[in-house]
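Just upload-v7.txt here, compact mmCIF, C-alpha atoms:
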# COMPACT_ATOMS: atom_id res chain seq x y z
CA MET A 5 19.03 16.99 6.35
CA ASN A 6 20.26 20.56 6.91
CA PRO A 7 17.38 22.53 8.48
CA LEU A 8 18.57 25.76 6.96
CA ALA A 9 18.43 24.37 3.45
CA SER A 10 14.97 22.84 4.00
CA THR A 11 13.23 26.09 4.97
CA ALA A 12 12.74 26.82 1.28
CA ASP A 13 10.57 23.72 1.05
CA LEU A 14 8.15 25.37 3.44
CA LEU A 15 7.07 27.91 0.83
CA ASP A 16 5.50 25.20 -1.33
CA LEU A 17 4.01 23.57 1.77
CA GLN A 18 2.57 26.88 2.87
CA GLU A 19 0.89 27.38 -0.49
CA LEU A 20 -0.68 23.95 -0.09
CA ASP A 21 -1.80 24.74 3.44
CA LEU A 22 -3.24 28.09 2.41
CA ARG A 23 -5.21 26.43 -0.36
CA ILE A 24 -6.44 23.78 2.07
CA ASP A 25 -7.50 26.54 4.47
CA GLN A 26 -9.26 28.31 1.63
CA LEU A 27 -11.11 25.15 0.62
CA LEU A 28 -12.20 24.51 4.21
CA ASP A 29 -13.42 28.07 4.46
CA GLU A 30 -15.32 27.71 1.17
CA ARG A 31 -16.86 24.50 2.45
CA ALA A 32 -18.04 26.15 5.66
CA SER A 33 -19.23 29.39 4.08
CA LEU A 34 -21.22 28.34 1.04
CA PRO A 35 -23.95 30.98 0.53
CA GLU A 36 -26.55 28.20 0.40
CA LEU A 37 -25.62 27.03 3.91
CA GLU A 38 -27.17 30.03 5.61
CA SER A 39 -30.30 29.67 3.48
CA TYR A 40 -30.37 25.97 4.32
CA ARG A 41 -30.10 26.64 8.06
CA SER A 42 -32.83 29.28 7.87
CA THR A 43 -35.09 27.00 5.82
CA HIS A 44 -34.43 24.08 8.16
CA ALA A 45 -35.37 26.22 11.18
CA SER A 46 -38.52 27.47 9.47
CA LEU A 47 -39.46 23.92 8.51
CA ALA A 48 -38.98 22.73 12.09
CA GLU A 49 -41.22 25.55 13.29
CA ALA A 50 -43.85 24.80 10.66
CA THR A 51 -43.76 21.08 11.45
CA THR A 52 -44.18 21.77 15.16
CA ARG A 53 -47.17 24.00 14.42
CA GLN A 54 -48.56 21.42 12.02
CA ASP A 55 -48.35 18.70 14.68
CA ALA A 56 -50.00 20.96 17.26
CA LEU A 57 -52.85 21.89 14.91
CA THR A 58 -53.35 18.26 13.90
CA GLU A 59 -53.65 17.28 17.55
CA GLN A 60 -56.05 20.15 18.28
CA LEU A 61 -58.19 19.22 15.28
CA GLN A 62 -58.28 15.57 16.28
CA MET A 63 -59.32 16.52 19.81
CA ALA A 64 -62.01 18.86 18.47
CA ASN A 65 -63.39 16.15 16.19
CA ARG A 66 -63.46 13.67 19.07
CA GLU A 67 -65.24 16.26 21.21
CA LEU A 68 -67.75 16.87 18.40
CA ASP A 69 -68.40 13.14 18.06
CA LYS A 70 -68.97 12.92 21.81
CA THR A 71 -71.43 15.83 21.95
CA GLU A 72 -73.29 14.58 18.89
CA GLY A 73 -73.62 11.18 20.54
CA GLU A 74 -74.87 12.75 23.77
CA ALA A 75 -77.33 14.89 21.81
CA GLN A 76 -78.71 11.82 20.00
CA ILE A 77 -79.25 10.02 23.29
CA LEU A 78 -81.08 13.02 24.76
CA ARG A 79 -83.26 13.42 21.66
CA ALA A 80 -84.23 9.77 21.84
CA LYS A 81 -85.01 10.21 25.54
CA LEU A 82 -87.02 13.33 24.77
CA GLU A 83 -89.07 11.48 22.17
CA SER A 84 -89.71 8.63 24.62
CA VAL A 85 -90.86 11.00 27.37
CA GLN A 86 -93.08 12.93 24.97
CA VAL A 87 -94.69 9.67 23.82
CA GLN A 88 -95.48 8.82 27.44
CA MET A 89 -96.78 12.36 28.02
CA TYR A 90 -99.18 12.39 25.08
CA SER A 91 -100.15 8.71 24.88
CA GLY A 92 -102.92 9.16 27.42
CA GLY A 93 -103.59 7.17 30.51
CA ALA A 94 -101.28 9.27 32.66
CA SER A 95 -102.60 11.23 35.62
CA ALA A 96 -102.41 15.02 35.68
CA LYS A 97 -99.59 14.81 38.21
CA GLU A 98 -97.68 12.36 36.02
CA VAL A 99 -98.21 14.59 32.99
CA GLN A 100 -96.94 17.53 34.97
CA HIS A 101 -93.90 15.55 36.01
CA LEU A 102 -93.27 14.40 32.43
CA GLY A 103 -93.60 18.00 31.24
CA MET A 104 -90.95 19.11 33.68
CA GLU A 105 -88.70 16.28 32.46
CA VAL A 106 -89.29 17.35 28.85
CA ASP A 107 -88.23 20.91 29.69
CA GLN A 108 -85.17 19.61 31.49
CA ILE A 109 -84.14 17.42 28.56
CA LYS A 110 -84.72 20.27 26.10
CA GLY A 111 -82.47 22.47 28.23
CA GLN A 112 -79.78 19.79 28.21
CA ILE A 113 -80.10 19.45 24.43
CA ALA A 114 -79.80 23.23 23.99
CA THR A 115 -76.66 23.28 26.13
CA ILE A 116 -75.11 20.45 24.12
CA GLU A 117 -76.08 22.10 20.82
CA ASP A 118 -74.33 25.29 21.95
CA ALA A 119 -71.25 23.23 22.78
CA GLU A 120 -71.51 21.54 19.38
CA LEU A 121 -71.64 24.92 17.67
CA GLU A 122 -68.54 26.11 19.54
CA VAL A 123 -66.62 22.98 18.56
CA MET A 124 -67.72 23.26 14.93
CA GLU A 125 -66.57 26.88 14.84
CA ARG A 126 -63.24 25.83 16.31
CA ILE A 127 -62.87 23.13 13.65
CA GLU A 128 -63.70 25.66 10.92
CA GLU A 129 -60.85 27.84 12.20
CA LEU A 130 -58.37 24.99 12.61
CA GLU A 131 -58.86 23.29 9.24
CA PRO A 132 -57.76 26.19 6.96
CA GLU A 133 -54.87 27.04 9.30
CA LEU A 134 -53.71 23.42 9.23
CA GLU A 135 -54.04 23.35 5.45
CA ALA A 136 -51.94 26.51 5.14
CA VAL A 137 -49.25 25.24 7.51
CA THR A 138 -49.15 21.88 5.74
CA SER A 139 -48.72 23.62 2.39
CA ARG A 140 -45.98 25.82 3.87
CA ALA A 141 -44.18 22.80 5.30
CA ALA A 142 -44.28 21.09 1.90
CA GLU A 143 -42.80 24.19 0.23
CA LEU A 144 -40.05 24.43 2.85
CA THR A 145 -39.26 20.72 2.49
CA GLU A 146 -38.89 21.15 -1.25
CA GLU A 147 -36.63 24.19 -0.78
CA LYS A 148 -34.55 22.42 1.87
CA ASP A 149 -34.05 19.43 -0.44
CA ARG A 150 -33.07 21.75 -3.30
CA LEU A 151 -30.48 23.56 -1.17
CA GLU A 152 -29.17 20.29 0.23
CA ALA A 153 -28.57 18.98 -3.29
CA ILE A 154 -26.66 22.15 -4.23
CA ILE A 155 -24.57 21.97 -1.06
CA LYS A 156 -23.76 18.30 -1.52
CA GLU A 157 -22.68 18.89 -5.12
CA ALA A 158 -20.46 21.82 -4.10
CA TRP A 159 -18.97 19.83 -1.23
CA LYS A 160 -18.29 16.96 -3.59
CA GLY A 161 -16.00 19.16 -5.72
CA ILE A 162 -14.38 20.83 -2.71
CA ASP A 163 -13.77 17.53 -0.92
CA ALA A 164 -12.22 16.02 -4.03
CA GLU A 165 -9.72 18.88 -4.26
CA LEU A 166 -9.13 18.75 -0.50
CA ALA A 167 -8.26 15.08 -0.76
CA ARG A 168 -5.76 15.80 -3.53
CA LYS A 169 -4.16 18.65 -1.59
CA GLU A 170 -3.99 16.63 1.62
CA ALA A 171 -2.37 13.72 -0.20
CA ARG A 172 0.17 16.05 -1.78
CA LYS A 173 0.89 17.64 1.59
CA ALA A 174 1.44 14.22 3.16
CA GLU A 175 4.08 13.53 0.52
CA GLU A 176 5.78 16.90 0.89
CA VAL A 177 6.14 16.79 4.67
CA LYS A 178 8.02 13.50 4.37
CA GLY A 179 10.94 15.43 2.95
CA ILE A 180 10.95 18.23 5.50
CA ASP A 181 12.99 18.02 8.70
CA PRO A 182 10.76 18.01 11.83
CA VAL A 183 13.10 20.62 13.32
CA VAL A 184 11.74 22.98 10.66
CA LEU A 185 8.24 21.54 10.32
CA ASP A 186 7.22 21.77 13.97
CA PRO A 187 7.84 25.53 14.40
CA TYR A 188 6.24 26.09 11.01
CA GLU A 189 3.02 24.42 12.15
CA LYS A 190 2.99 26.39 15.43
CA LEU A 191 3.60 29.67 13.62
CA ARG A 192 0.78 28.95 11.21
CA GLU A 193 -1.63 28.85 14.13
CA SER A 194 -0.49 32.21 15.50
CA LYS A 195 0.25 34.03 12.25
CA GLY A 196 -2.99 33.62 10.32
CA GLY A 197 -1.74 30.69 8.27
CA ARG A 198 1.40 32.44 7.01
CA ALA A 199 4.40 31.10 8.89
CA VAL A 200 7.17 31.58 6.32
CA GLY A 201 8.14 34.08 3.66
CA PRO A 202 11.01 34.49 1.19
CA LEU A 203 13.87 36.90 1.67
CA GLU A 204 13.37 39.64 -0.93
CA ASP A 205 16.02 42.02 -2.23
CA GLY A 206 18.52 40.51 0.18
CA ASN A 207 17.10 42.17 3.30
CA VAL A 208 13.28 42.40 3.09
CA CYS A 209 10.96 39.91 4.80
CA GLY A 210 8.55 38.52 2.23
CA SER A 211 5.84 38.20 4.91
CA CYS A 212 5.77 41.56 6.70
CA HIS A 213 7.70 43.44 3.96
CA VAL A 214 9.85 45.25 6.51
CA ALA A 215 13.50 45.85 5.53
CA MET A 216 16.17 44.51 7.84
CA SER A 217 19.38 46.26 8.68
CA THR A 218 22.59 44.98 7.12
CA ALA A 219 23.54 43.45 10.47
CA GLU A 220 20.13 41.75 10.85
CA ALA A 221 20.29 40.34 7.34
CA HIS A 222 23.81 39.07 7.94
CA ALA A 223 22.86 37.45 11.26
CA LEU A 224 19.84 35.90 9.64
CA ARG A 225 21.97 33.82 7.30
CA LYS A 226 23.84 32.32 10.24
CA GLU A 227 20.74 31.12 12.09
CA GLY A 228 19.78 27.46 12.05
CA LEU A 229 16.12 28.51 11.72
CA PRO A 230 16.19 31.99 10.20
CA ARG A 231 13.36 34.21 11.46
CA CYS A 232 12.38 37.75 10.64
CA PRO A 233 13.44 40.01 13.53
CA HIS A 234 10.28 42.07 13.02
CA CYS A 235 7.36 39.62 12.57
CA GLY A 236 8.98 36.42 13.90
CA ARG A 237 8.09 34.35 10.87
CA LEU A 238 10.47 31.89 9.29
CA ILE A 239 12.52 33.11 6.36
CA ALA A 240 13.05 30.80 3.41
CA LEU A 241 16.62 31.16 2.13

Do you think you could lay out the structure here as structure tokens?
Amino acid sequence: MNPLASTADLLDLQELDLRIDQLLDERASLPELESYRSTHASLAEATTRQDALTEQLQMANRELDKTEGEAQILRAKLESVQVQMYSGGASAKEVQHLGMEVDQIKGQIATIEDAELEVMERIEELEPELEAVTSRAAELTEEKDRLEAIIKEAWKGIDAELARKEARKAEEVKGIDPVVLDPYEKLRESKGGRAVGPLEDGNVCGSCHVAMSTAEAHALRKEGLPRCPHCGRLIAL
């Protein structure tokens, strides 16, 4: 194949590549993607807080159960000591000793009841906060699922067109000489996706739109791989 003659085939290939680039950009820049990422981050934060609050509430409830159990034991002990104290038959010294024990137990009960009150207040604060965070997490989950469905549907259409374009490109490159194709691919990377342009009006580069001199235009037609002397892109003749 004559490389010079095949440079014209690059224009169609470039249009395919530009459309493929556009589709990839559309895929990566769907407006819902940013919302999805933001929602996902907020959900992760809410879930972390939800887990922390759940653990704190469980610990508080276990602490409350423990103090309530300790208080019950002390109340039973208090009742037993008071029975001994008032049942009669005890000496004055024993009654005095039992009275001191009653005061001690009452003090212990008061301390535990204060602790119970603190735990109950903590639970009263944690429960509504956990309920609010749980509700927020549910809302964020619903929104994330909604956005994910939109994104998947959009990607489905984009990916279908991408597959068609890629298949068409695979067929087109079969007919293009590698001597032309390789520099085309390298130029695409360095020239923003536009590696080739037509020759317009006999001496104007269709890529950079700069007019060539008569000598430059004449020399261009003799090159094996004609390139614009100004922008360096390939020229399709």

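If all atoms listed in the file are the atoms counted, then among A:Leu15, A:Ala219, A:Ala199, A:Val208 the closest residue to Gly236 of chain A is A:Ala199.
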
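Ranking A:Ser33, A:Thr11, A:Ser39, A:Gln100 by their shortest atom-to-atom distance to Glu147 of chain A, with all atoms listed in the file included, puts A:Ser39 first.
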
How big is the axis-aligned box, and where does its centre sit, when it encloses all atoms of segment 15-28 of chain A listed in the file and has 3 Å added on every side, reported in Å to one decimal as JSON?
{"center_x": -2.6, "center_y": 25.9, "center_z": 1.6, "size_x": 25.3, "size_y": 10.7, "size_z": 11.8}

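Among the candidates A:Lys169, A:Arg41, A:His222, A:Lys110, the one nearest to Gln26 of chain A when counting all atoms listed in the file is A:Lys169.
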
Item to complete: Using only C-alpha atoms, pick whichever of A:Arg198, A:Arg168, A:Arg126, A:Arg225 has the shortest atom-to-atom distance to Gln60 of chain A.
Response: A:Arg126

Worksheet entry | Residues near Asp21 of chain A, cut-off 10 Å, only C-alpha atoms, skip fewer than 4 positions along chain, as a VMD selection string | chain A and resid 14 to 17 25 to 27 169 to 170 173 189 192 197 to 198

Item to complete: May I have the residues within 12 Å of Gly111 of chain A as a ChimeraX atom specification, using all atoms listed in the file and disregarding those fewer than 6 positions away in the same chain?
Response: /A:75,78-79,82,104-105,117-118
